[in-house]
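Worksheet: the structure to be examined is printed underneath.
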Amino acid sequence: MTVTTALPSFDEAIATYEPVMGMEVHVELGTTTKMFCGCSTAFGGEPNSQVCPVCLGLPGSLPVVNRTAVESAIRIGLALNCSIAEWCRFARKNYFYPDMPKNFQTSQYDEPIAYDGWLDVSLGGETSETFRIGIERAHMEEDTGKSLHVGGATGRIHGASHSLLDYNRSGIPLIEIVTKPIEVPAAVAPAVAKAYVTELRELIRALGVSEARMELGQLRCDANVSLRLPGDPYGTRTETKNVNSLRSVERAVTYEIRRQAAVLSSGGTIVQETRHWHEDTGETTAGRRKEEAEDYRYFPEPDLVPIAPSREWVEELRATLPEPPSVRRARLQEAWGFTDLEMRDVVNAGALSLVFDTVAEGASAGGAKKWWLGEVARVANERGVALEDAGITPGDVARVEALIAEGSLNDKLARQVVEGVLAGEGTPDEVVAARGLVLVNDDAALGTAVDDAIAAQPDVAEKIRGGNLGAVGALIGAIMKSTKGQADAKRARELILERLQG
Amino acid sequence: MPSISREEVAHLAHLARLDLAPDELDHLAGQLDQILGAVAQVTEVAADDIPPTSHALPLTNVFREDEPRACLPAEAVLAAAPAAEDGRFRVPQILGEEQ
Amino acid sequence: MTGMSSLTRARASELATAIKNGEVSAVEVTQAHLDRIAEVDGTAEAGVHAFLHVDADGALAAAAVVDQKRAAGEELSPLAGVPLALKDVITTADMPTTAGSKILEGWRPPYDATVAQRLREAGIVILGKTNLDEFAMGSSTENSAFGPTRNPWDLTRIPGGSGGGSAAALAAYEAPLAIGTDTGGSIRQPAAVTGTVGVKPTYGGVSRYGLIACASSLDQAGPCARTVLDAALLHTVIAGHDPLDSTSIAQAVPDVVAAARRGADGDLTGLRVGVVKELGGEGYQAGVEARFNDAVALLSKLGAEVVEVSCPHFTYGLAAYYLILPSEVSSNLARFDAMRYGLRVGDDGTRSAEEVMNLTRGQGFGAEAKRRIMLGTYALSSGYYDAYYGQAQKVRTLIARDFEAAFAQVDVLVSPTTPTTAFPIGEKVDDPLAMYMNDLCTIPSNLAGNASASFPAGLADEDGLPVGLHVMAPVMADDRLYLVGAAVESAYAAQWGGTLLEQAPALEGTAQ
Ligand SMILES: [Mg+2]
Ligand SMILES: [Zn+2]
């Protein structure tokens, strides 16, 4: 589906309208077993190999709540400054869908385990202004199975002849975190949305309850957007589903603001509907209309008993909370000597823990940052994998830095070593040995290369003799070329000057 | 006393995914109306200050530890399926979208 | 204990002792019951039709294991080798499980219910699966997709429901033990109209894991037998905490066997009995009231102190039940959607998943299942929830409070089990309101979760059919039911010269 009418620019859109946003984030918990049964949650098993009567919804089966999932929910709630319910229940959300084995989702409805909290986010950069995002609720529920659409063009649902269902994911614990309406200056709204999801992801990781990897669907985001004229009540909202990267959050919100502004300014009305986000085109398209929506017929889940977390239990869990990510970041930024911008780049790249671990292995912060955000990020991006899956460890990066520091590698060689590690050729030392990447700095070998370079370029040599030190670079370039980059540039310079000025 | 229309019954049948023949729909509409009329007496009795009871017994906090249990073999699970393909349940084309 | 007919007429406790003592083998006992089933059970068209599936090979194999254990000198559990009929709403890995529904025809579960597992561990021999109203919804077993079960007292009449198959199997001497499930009276009402014993334990007393849900907050599996002691022995096998059922009670099971033995002495001195004022009068058959009054007089004679007790909200129990039950049913039966197991209709390559779901459910469910699914969908839908489901849950609170107040005054409550004796097959099949009245007395205990039972109390004068005495005890006081039941049973045995069932007309060879 393509948009035929030209959209106003973002700036044009917000010149007239104010956006109001609401974010719904689903986090898959990293528990060993599912929410209501003892099946493994491990990723990537053979289809339907991690199922049992409970998560298949077989007749007669009954759910039993995973204690660790409840603890994770409470810890997330506490970290989001929420109140923890004294008493709450699961409810059944009834609707038919083939990837949902019971045709109801066991979820929480009007009694969430955590409610009424907040999370502060800042955009970094020059403005260090903080935005407080209100948290409406965080509740527990279960994931659905996965369908594979067969016979259509692209594995999409439309045009498929039939579908194949795998229930390995069915019943994996989810925490759904819903914000209160987010009202921030229009100009920063998309950036705040992105910053919120980024901050939430860091928080979830710091809690250790999930790896929160968006590319694996461990953290999924739905973005609600509505527009209004300043002073008006809230407008009709749309819900853009499955916005599954940080960059997409910002882009999808921006697009939806522009699209709604176009509709409203041409006299149209916004339809309450879900919308699909298309990463490739950067557009959203219409999905299910809310007036056609199912009546979910929620009622308390009779197969599960209420949860009444004692205050002692809640306090025990509170004591396990890690340092809040914003505090930790400020502390690390100071220790590492990064500017706000540098720190934001590290965080946005999802490299904070990697840099931290690399520094812990002995590297300098600047060196660690350079590799993770440079060479490793480039390769990870090409392969469409996360940084931590690119094939290099913080220990490897630290070793490369150490080789540079001891003078065994220069930058150029180090880059080749990192490339080799990323290509699966082994540890940095193995790559150095296998590729023969050793800096040439013994005076005999280097001296020959220097003499050859001087002989080849007498005019340049003459300039240097005349005191023009800027010309030294040209000779070093030639030396590097003849030694295939393995010359120690510093020593080469010394030898040139010895011969021409000594 | 409720009076439930044929349209309302048809809507309920859609929500419940029940394909009903027209005469079945009419017959059910009459019976539902009759039953709802009879059970409507619950609205007469309980006052606002009465808490609802969803569970017969006042149990709370029943949990299991996060420890794995054996799963079913995929073959056993798929053996009962009306249709299977590639280790998965084969179902007709899905038109609606996920909620 | 040698004749085949004496084997099928024997009590479970007697059979177990005979097997233990080597007077008879478990295989012989099992074969005698299989022969009896072959003789009287018949088909959907004629005979008792208590069974939907008979597993002769499996039963004989299980019996042989018991005989081997005995031969090896191993200790046998108290009911080892005794045959049992299992209601076909409990999953079994080695037999089909249909819940009486076409939508599950031929389904073989990949797992055993906890109850089934406990029966097997106790060496009890499962003969097969018994008929029921579809998904345990009904009071006559006429709602089975596989044809009705007939009452062994009179094959033109209903055996009660939903557990009509289990009760009829006992009354026809096809099995000395059976398992039922009770959501609104489905163990007790069939027991009453077939002259047998049926106990609904305290909710949470017996695991529901593997019990195909009708209404989760009301369902409870329980023992069915011809005598009170046999029921108590079976109760002990199946009851107790199960970590797979979150609503299962993690406490010791009351000693129901000791209570049954104590009750058999016939002394109820010191027991306070409350007659529920609201469960009687208009709408109750004269013969039922007469036998109930006799039973109350008997309780006094046995030393109990009998008083009248008012439970004013019981009157609203039926209405609350017919909102709560269908609501849970509409959700519990949603999983039968033709995708993963069971029936699939209309998958011709052109229809969508949703169309196939609609067609399958439209054709796979019977009339009563559809009525209740529709009713529950209505009661839960937005705009009606508060007025119907919400109000019904408040009534549930009021009924629980009535019980609480009553049990502060008395140890047990009594009423007739059902307002009428067994009615003719077909009489109420399309009159849901008339059918629902059968459960008037039994429903309050399901709503409140307390223990209740039905015991034989004689025959109604006008039709010569069995009447049940309904006894209700507080939560986790199931032993009181057995105390009262055994006392009444032994007093009546003295009066009648045997069990009530022995007065039933002969059923020999009706299957031919
Ligand atoms: Mg949700
Ligand atoms: Zn499972």
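Labels for the structure tokens follow display order: chains A, B, ..., residues from 1 in each chain, ligands from 1.
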
- Test item: residues at most 9 Å from A:Gln486, only C-alpha atoms, excluding those fewer than 6 positions along its chain, as a PyMOL selection string: chain A and resi 409-410+412-413+437-441+480

- Could you give me the residues within 8 Å of ligand 1, counting only C-alpha atoms and all ligand atoms, as an NGL selection string? :A and (26 or 107 or 141 or 176)

Save the residues we just selected, N, CA, C and O atoms, as a PDB file, in the first residue's frame?
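Wrote it out as result-v4.pdb, contents follow:
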ATOM      1  N   HIS A  26       5.656  -4.820  25.341  1.00  0.00           N
ATOM      2  CA  HIS A  26       5.611  -6.199  25.840  1.00  0.00           C
ATOM      3  C   HIS A  26       7.038  -6.706  25.993  1.00  0.00           C
ATOM      4  O   HIS A  26       7.815  -6.640  25.052  1.00  0.00           O
ATOM      5  N   SER A 107      -4.377 -13.223  31.187  1.00  0.00           N
ATOM      6  CA  SER A 107      -3.755 -11.909  31.286  1.00  0.00           C
ATOM      7  C   SER A 107      -4.250 -11.265  32.577  1.00  0.00           C
ATOM      8  O   SER A 107      -4.894 -11.912  33.385  1.00  0.00           O
ATOM      9  N   GLU A 141       1.111 -11.524  31.532  1.00  0.00           N
ATOM     10  CA  GLU A 141       0.283 -12.298  30.618  1.00  0.00           C
ATOM     11  C   GLU A 141       1.146 -13.332  29.913  1.00  0.00           C
ATOM     12  O   GLU A 141       2.311 -13.514  30.266  1.00  0.00           O
ATOM     13  N   GLU A 176       3.424  -6.673  30.204  1.00  0.00           N
ATOM     14  CA  GLU A 176       2.986  -5.564  29.360  1.00  0.00           C
ATOM     15  C   GLU A 176       3.050  -4.289  30.187  1.00  0.00           C
ATOM     16  O   GLU A 176       2.470  -4.218  31.271  1.00  0.00           O
TER      17      GLU A 176
END

- Would you list the residues that come within 10 Å of ligand 2? Count only C-alpha atoms and all ligand atoms and give the answer as a PyMOL selection string. (chain A and resi 33-41+49-57+61+63+167-172) or (chain B and resi 68-72)

- Message: Could you go through stretch 188-363 of chain A and tell me which residues DSSP, when run on the backbone, assigns to strand (DSSP E), listing them as a list in words?
- Response: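 The residues of stretch 188-363 of chain A classed as strand (DSSP E) are Leu219, Arg220, Cys221, Asp222, Ala223, Asn224, Val225, Ser226, Leu227, Arg228, Thr238, Glu239, Thr240, Lys241, Glu273, Thr274, Arg275, His276, Trp277, His278, Glu283, Thr284, Thr285, Ala286, Gly287, Arg288, Arg289, Phe299 and Pro300 of chain A.
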
Stretch 11-88 of chain B: which residues are alpha helix (DSSP H) by DSSP, as a PDB file with N, CA, C and O atoms, in the first residue's frame?
ATOM      1  N   HIS B  11     -25.233 -11.877  16.663  1.00  0.00           N
ATOM      2  CA  HIS B  11     -23.964 -11.281  17.077  1.00  0.00           C
ATOM      3  C   HIS B  11     -23.251 -12.169  18.102  1.00  0.00           C
ATOM      4  O   HIS B  11     -22.041 -12.388  18.018  1.00  0.00           O
ATOM      5  N   LEU B  12     -24.027 -12.692  19.044  1.00  0.00           N
ATOM      6  CA  LEU B  12     -23.434 -13.597  20.042  1.00  0.00           C
ATOM      7  C   LEU B  12     -22.855 -14.830  19.363  1.00  0.00           C
ATOM      8  O   LEU B  12     -21.772 -15.292  19.712  1.00  0.00           O
ATOM      9  N   ALA B  13     -23.593 -15.348  18.386  1.00  0.00           N
ATOM     10  CA  ALA B  13     -23.126 -16.542  17.671  1.00  0.00           C
ATOM     11  C   ALA B  13     -21.808 -16.236  16.962  1.00  0.00           C
ATOM     12  O   ALA B  13     -20.911 -17.073  16.901  1.00  0.00           O
ATOM     13  N   HIS B  14     -21.685 -15.014  16.461  1.00  0.00           N
ATOM     14  CA  HIS B  14     -20.425 -14.638  15.809  1.00  0.00           C
ATOM     15  C   HIS B  14     -19.298 -14.563  16.834  1.00  0.00           C
ATOM     16  O   HIS B  14     -18.206 -15.096  16.622  1.00  0.00           O
ATOM     17  N   LEU B  15     -19.571 -13.907  17.968  1.00  0.00           N
ATOM     18  CA  LEU B  15     -18.550 -13.815  19.023  1.00  0.00           C
ATOM     19  C   LEU B  15     -18.099 -15.201  19.476  1.00  0.00           C
ATOM     20  O   LEU B  15     -16.932 -15.419  19.779  1.00  0.00           O
ATOM     21  N   PRO B  22     -30.664 -20.704  10.279  1.00  0.00           N
ATOM     22  CA  PRO B  22     -31.672 -19.702  10.627  1.00  0.00           C
ATOM     23  C   PRO B  22     -32.723 -20.198  11.622  1.00  0.00           C
ATOM     24  O   PRO B  22     -33.053 -19.488  12.579  1.00  0.00           O
ATOM     25  N   ASP B  23     -33.197 -21.430  11.428  1.00  0.00           N
ATOM     26  CA  ASP B  23     -34.235 -21.918  12.350  1.00  0.00           C
ATOM     27  C   ASP B  23     -33.641 -22.167  13.745  1.00  0.00           C
ATOM     28  O   ASP B  23     -34.293 -21.960  14.763  1.00  0.00           O
ATOM     29  N   GLU B  24     -32.371 -22.561  13.767  1.00  0.00           N
ATOM     30  CA  GLU B  24     -31.676 -22.793  15.033  1.00  0.00           C
ATOM     31  C   GLU B  24     -31.534 -21.464  15.789  1.00  0.00           C
ATOM     32  O   GLU B  24     -31.702 -21.382  16.998  1.00  0.00           O
ATOM     33  N   LEU B  25     -31.242 -20.423  15.011  1.00  0.00           N
ATOM     34  CA  LEU B  25     -31.086 -19.080  15.568  1.00  0.00           C
ATOM     35  C   LEU B  25     -32.385 -18.616  16.215  1.00  0.00           C
ATOM     36  O   LEU B  25     -32.393 -18.114  17.344  1.00  0.00           O
ATOM     37  N   ASP B  26     -33.487 -18.819  15.507  1.00  0.00           N
ATOM     38  CA  ASP B  26     -34.799 -18.407  16.036  1.00  0.00           C
ATOM     39  C   ASP B  26     -35.145 -19.172  17.304  1.00  0.00           C
ATOM     40  O   ASP B  26     -35.594 -18.603  18.296  1.00  0.00           O
ATOM     41  N   HIS B  27     -34.924 -20.479  17.241  1.00  0.00           N
ATOM     42  CA  HIS B  27     -35.254 -21.338  18.369  1.00  0.00           C
ATOM     43  C   HIS B  27     -34.436 -20.917  19.592  1.00  0.00           C
ATOM     44  O   HIS B  27     -34.975 -20.760  20.692  1.00  0.00           O
ATOM     45  N   LEU B  28     -33.139 -20.694  19.369  1.00  0.00           N
ATOM     46  CA  LEU B  28     -32.251 -20.291  20.456  1.00  0.00           C
ATOM     47  C   LEU B  28     -32.626 -18.926  21.021  1.00  0.00           C
ATOM     48  O   LEU B  28     -32.576 -18.717  22.233  1.00  0.00           O
ATOM     49  N   ALA B  29     -33.000 -18.030  20.138  1.00  0.00           N
ATOM     50  CA  ALA B  29     -33.381 -16.685  20.604  1.00  0.00           C
ATOM     51  C   ALA B  29     -34.509 -16.785  21.607  1.00  0.00           C
ATOM     52  O   ALA B  29     -34.483 -16.154  22.673  1.00  0.00           O
ATOM     53  N   GLY B  30     -35.510 -17.601  21.290  1.00  0.00           N
ATOM     54  CA  GLY B  30     -36.651 -17.779  22.195  1.00  0.00           C
ATOM     55  C   GLY B  30     -36.215 -18.377  23.522  1.00  0.00           C
ATOM     56  O   GLY B  30     -36.599 -17.899  24.594  1.00  0.00           O
ATOM     57  N   GLN B  31     -35.385 -19.410  23.445  1.00  0.00           N
ATOM     58  CA  GLN B  31     -34.955 -20.076  24.680  1.00  0.00           C
ATOM     59  C   GLN B  31     -34.063 -19.180  25.526  1.00  0.00           C
ATOM     60  O   GLN B  31     -34.198 -19.138  26.753  1.00  0.00           O
ATOM     61  N   LEU B  32     -33.160 -18.441  24.879  1.00  0.00           N
ATOM     62  CA  LEU B  32     -32.279 -17.550  25.638  1.00  0.00           C
ATOM     63  C   LEU B  32     -33.103 -16.496  26.360  1.00  0.00           C
ATOM     64  O   LEU B  32     -32.849 -16.171  27.523  1.00  0.00           O
ATOM     65  N   ASP B  33     -34.087 -15.978  25.671  1.00  0.00           N
ATOM     66  CA  ASP B  33     -34.947 -14.961  26.271  1.00  0.00           C
ATOM     67  C   ASP B  33     -35.631 -15.511  27.516  1.00  0.00           C
ATOM     68  O   ASP B  33     -35.674 -14.868  28.562  1.00  0.00           O
ATOM     69  N   GLN B  34     -36.123 -16.742  27.369  1.00  0.00           N
ATOM     70  CA  GLN B  34     -36.831 -17.397  28.467  1.00  0.00           C
ATOM     71  C   GLN B  34     -35.878 -17.627  29.651  1.00  0.00           C
ATOM     72  O   GLN B  34     -36.198 -17.324  30.797  1.00  0.00           O
ATOM     73  N   ILE B  35     -34.693 -18.125  29.362  1.00  0.00           N
ATOM     74  CA  ILE B  35     -33.731 -18.416  30.435  1.00  0.00           C
ATOM     75  C   ILE B  35     -33.276 -17.115  31.097  1.00  0.00           C
ATOM     76  O   ILE B  35     -33.243 -17.007  32.330  1.00  0.00           O
ATOM     77  N   LEU B  36     -32.975 -16.114  30.280  1.00  0.00           N
ATOM     78  CA  LEU B  36     -32.520 -14.840  30.852  1.00  0.00           C
ATOM     79  C   LEU B  36     -33.611 -14.222  31.714  1.00  0.00           C
ATOM     80  O   LEU B  36     -33.334 -13.644  32.765  1.00  0.00           O
ATOM     81  N   GLY B  37     -34.847 -14.390  31.284  1.00  0.00           N
ATOM     82  CA  GLY B  37     -35.962 -13.894  32.093  1.00  0.00           C
ATOM     83  C   GLY B  37     -35.968 -14.557  33.458  1.00  0.00           C
ATOM     84  O   GLY B  37     -36.159 -13.911  34.489  1.00  0.00           O
ATOM     85  N   ALA B  38     -35.684 -15.857  33.451  1.00  0.00           N
ATOM     86  CA  ALA B  38     -35.723 -16.604  34.712  1.00  0.00           C
ATOM     87  C   ALA B  38     -34.540 -16.274  35.617  1.00  0.00           C
ATOM     88  O   ALA B  38     -34.684 -16.220  36.834  1.00  0.00           O
ATOM     89  N   VAL B  39     -33.369 -16.062  35.023  1.00  0.00           N
ATOM     90  CA  VAL B  39     -32.201 -15.814  35.878  1.00  0.00           C
ATOM     91  C   VAL B  39     -32.059 -14.347  36.273  1.00  0.00           C
ATOM     92  O   VAL B  39     -31.235 -14.013  37.119  1.00  0.00           O
ATOM     93  N   VAL B  42     -31.434 -12.571  39.831  1.00  0.00           N
ATOM     94  CA  VAL B  42     -30.212 -12.255  40.588  1.00  0.00           C
ATOM     95  C   VAL B  42     -30.041 -10.752  40.751  1.00  0.00           C
ATOM     96  O   VAL B  42     -29.389 -10.303  41.683  1.00  0.00           O
ATOM     97  N   THR B  43     -30.617 -10.002  39.837  1.00  0.00           N
ATOM     98  CA  THR B  43     -30.461  -8.551  39.924  1.00  0.00           C
ATOM     99  C   THR B  43     -31.251  -7.972  41.094  1.00  0.00           C
ATOM    100  O   THR B  43     -30.979  -6.871  41.537  1.00  0.00           O
ATOM    101  N   GLU B  44     -32.219  -8.744  41.607  1.00  0.00           N
ATOM    102  CA  GLU B  44     -33.062  -8.219  42.690  1.00  0.00           C
ATOM    103  C   GLU B  44     -32.386  -8.318  44.045  1.00  0.00           C
ATOM    104  O   GLU B  44     -32.734  -7.604  44.968  1.00  0.00           O
ATOM    105  N   VAL B  45     -31.431  -9.249  44.158  1.00  0.00           N
ATOM    106  CA  VAL B  45     -31.070  -9.629  45.515  1.00  0.00           C
ATOM    107  C   VAL B  45     -29.857  -8.926  46.105  1.00  0.00           C
ATOM    108  O   VAL B  45     -29.944  -8.333  47.170  1.00  0.00           O
ATOM    109  N   ALA B  74       6.783 -34.085  20.120  1.00  0.00           N
ATOM    110  CA  ALA B  74       6.056 -33.390  19.053  1.00  0.00           C
ATOM    111  C   ALA B  74       5.174 -34.361  18.265  1.00  0.00           C
ATOM    112  O   ALA B  74       4.046 -34.026  17.886  1.00  0.00           O
ATOM    113  N   GLU B  75       5.664 -35.596  18.052  1.00  0.00           N
ATOM    114  CA  GLU B  75       4.870 -36.564  17.263  1.00  0.00           C
ATOM    115  C   GLU B  75       3.550 -36.871  17.971  1.00  0.00           C
ATOM    116  O   GLU B  75       2.501 -36.997  17.334  1.00  0.00           O
ATOM    117  N   ALA B  76       3.594 -37.000  19.302  1.00  0.00           N
ATOM    118  CA  ALA B  76       2.379 -37.323  20.048  1.00  0.00           C
ATOM    119  C   ALA B  76       1.367 -36.188  19.933  1.00  0.00           C
ATOM    120  O   ALA B  76       0.167 -36.402  19.810  1.00  0.00           O
ATOM    121  N   VAL B  77       1.901 -34.984  19.944  1.00  0.00           N
ATOM    122  CA  VAL B  77       1.045 -33.809  19.891  1.00  0.00           C
ATOM    123  C   VAL B  77       0.407 -33.679  18.497  1.00  0.00           C
ATOM    124  O   VAL B  77      -0.786 -33.410  18.355  1.00  0.00           O
ATOM    125  N   LEU B  78       1.221 -33.916  17.493  1.00  0.00           N
ATOM    126  CA  LEU B  78       0.727 -33.740  16.123  1.00  0.00           C
ATOM    127  C   LEU B  78      -0.135 -34.914  15.672  1.00  0.00           C
ATOM    128  O   LEU B  78      -0.945 -34.776  14.747  1.00  0.00           O
ATOM    129  N   ALA B  79       0.018 -36.064  16.342  1.00  0.00           N
ATOM    130  CA  ALA B  79      -0.774 -37.233  15.962  1.00  0.00           C
ATOM    131  C   ALA B  79      -2.261 -36.955  16.114  1.00  0.00           C
ATOM    132  O   ALA B  79      -3.086 -37.509  15.383  1.00  0.00           O
TER     133      ALA B  79
END

- Exercise: C:Arg9 partners within 8 Å, only C-alpha atoms, chain neighbours under 2 positions left out, as a PyMOL selection string: chain C and resi 5-7+11+173+176

Residues of the last selection are to be written out with C-alpha atoms, as a tab-separated table (two decimals), in the first residue's frame.
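Saved result, result31.tsv, follows:
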chain	number	residue	atom	x	y	z
C	5	SER	CA	-23.09	-63.05	39.53
C	6	SER	CA	-21.84	-62.88	43.09
C	7	LEU	CA	-18.65	-61.25	41.82
C	11	ARG	CA	-19.01	-54.70	47.32
C	173	TYR	CA	-23.78	-54.13	38.39
C	176	PRO	CA	-18.69	-51.72	41.72

If you take only C-alpha atoms and a cut-off of 8 Å, which residues of chain B touch chain A, and what are their nearest atom pairs and distances in Å to one decimal, in chain and number order, as a tab-separated table?
residue	atom	partner	partner_atom	distance
B:Leu15	CA	A:Glu294	CA	7.3
B:Arg17	CA	A:Phe96	CA	7.9
B:Ser54	CA	A:Pro300	CA	6.7
B:His55	CA	A:Pro302	CA	6.3
B:Leu59	CA	A:Val305	CA	6.0
B:Thr60	CA	A:Pro306	CA	4.9
B:Asn61	CA	A:Ile307	CA	4.8
B:Val62	CA	A:Val305	CA	6.7
B:Phe63	CA	A:Val65	CA	4.9
B:Arg64	CA	A:Asn66	CA	5.2
B:Glu65	CA	A:Arg67	CA	5.6
B:Asp66	CA	A:Asn66	CA	5.7
B:Glu67	CA	A:Gly38	CA	6.3
B:Pro68	CA	A:Gly38	CA	4.5
B:Arg69	CA	A:Gly38	CA	4.6
B:Ala70	CA	A:Cys39	CA	6.9
B:Cys71	CA	A:Cys52	CA	5.1
B:Leu72	CA	A:Cys52	CA	5.2
B:Pro73	CA	A:Ser49	CA	6.4
B:Ala74	CA	A:Ser49	CA	5.2
B:Val77	CA	A:Asn48	CA	7.9
B:Ala84	CA	A:Leu164	CA	7.8
B:Glu85	CA	A:Leu164	CA	7.1
B:Gly87	CA	A:Pro47	CA	6.0
B:Arg88	CA	A:Leu165	CA	5.2
B:Phe89	CA	A:Leu165	CA	4.9
B:Arg90	CA	A:Leu164	CA	4.6
B:Val91	CA	A:Ser163	CA	5.4
B:Pro92	CA	A:His162	CA	4.6
B:Gln93	CA	A:His162	CA	4.0
B:Ile94	CA	A:Ile157	CA	6.8
B:Leu95	CA	A:Ile157	CA	7.0
B:Glu97	CA	A:Arg288	CA	7.3
B:Glu98	CA	A:Tyr97	CA	7.1

- Message: Residues of chain C were defined as contacting chain A if any atom lay at most 9 Å from it, counting only C-alpha atoms; please report them as a ChimeraX atom specification.
- Response: /C:89-91,109-111,113,208-213,215-217,243-247,327-328,331-337,339-341,349-350,352-354,377-382,385,389

Using only C-alpha atoms, which residues sit within 12 Å of C:Gln495 once same-chain residues fewer than 5 positions away are excluded, as a PDB file with C-alpha atoms, in the first residue's frame?
ATOM      1  CA  LEU C 298     -34.532 -41.804  61.061  1.00  0.00           C
ATOM      2  CA  ALA C 457     -33.429 -43.118  50.977  1.00  0.00           C
ATOM      3  CA  GLY C 458     -36.088 -45.502  49.670  1.00  0.00           C
ATOM      4  CA  VAL C 488     -28.494 -44.165  57.421  1.00  0.00           C
ATOM      5  CA  GLU C 489     -27.308 -46.990  55.174  1.00  0.00           C
ATOM      6  CA  SER C 490     -26.965 -49.494  58.007  1.00  0.00           C
ATOM      7  CA  LEU C 500     -32.037 -50.314  48.032  1.00  0.00           C
TER       8      LEU C 500
END

- Message: I'd like the contact shell of A:Ser353 - 12 Å cut-off, only C-alpha atoms, skipping same-chain residues fewer than 2 positions apart - returned as a PyMOL selection string.
- Response: chain A and resi 202+205-206+211+325+328-329+332+346-351+355-360+365+368-369+372+387-388+393-394

Export of the given selection (C-alpha atoms) as a compact mmCIF listing (two decimals), in the first residue's frame:
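Written out: result.txt:
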# COMPACT_ATOMS: atom_id res chain seq x y z
CA GLU A 202 18.20 -0.59 29.70
CA ARG A 205 18.46 -5.50 31.13
CA ALA A 206 19.83 -4.01 34.34
CA GLU A 211 17.77 -9.64 27.48
CA PRO A 325 20.28 2.96 34.68
CA ARG A 328 24.68 4.15 36.55
CA ARG A 329 25.13 5.94 33.23
CA LEU A 332 30.12 5.57 34.08
CA VAL A 346 27.02 4.20 23.22
CA VAL A 347 23.59 3.80 24.83
CA ASN A 348 21.68 4.05 21.58
CA ALA A 349 23.92 1.45 20.02
CA GLY A 350 23.09 -0.91 22.88
CA ALA A 351 26.80 -1.05 23.67
CA VAL A 355 31.95 -1.16 26.70
CA PHE A 356 31.68 -1.72 30.43
CA ASP A 357 32.87 -5.31 30.11
CA THR A 358 35.68 -4.33 27.73
CA VAL A 359 36.94 -1.70 30.16
CA ALA A 360 36.73 -4.29 32.92
CA ALA A 365 36.99 3.46 27.56
CA ALA A 368 36.45 0.13 23.70
CA LYS A 369 33.91 2.60 22.37
CA TRP A 372 32.16 -1.48 19.37
CA LEU A 387 26.51 -6.37 18.62
CA GLU A 388 26.87 -9.16 21.14
CA THR A 393 33.86 -10.70 22.92
CA PRO A 394 34.78 -7.82 25.21

- Item | Atomic separation - atom CA of A:Phe131 relative to atom CA of A:Glu256, Å | 21.3 Å
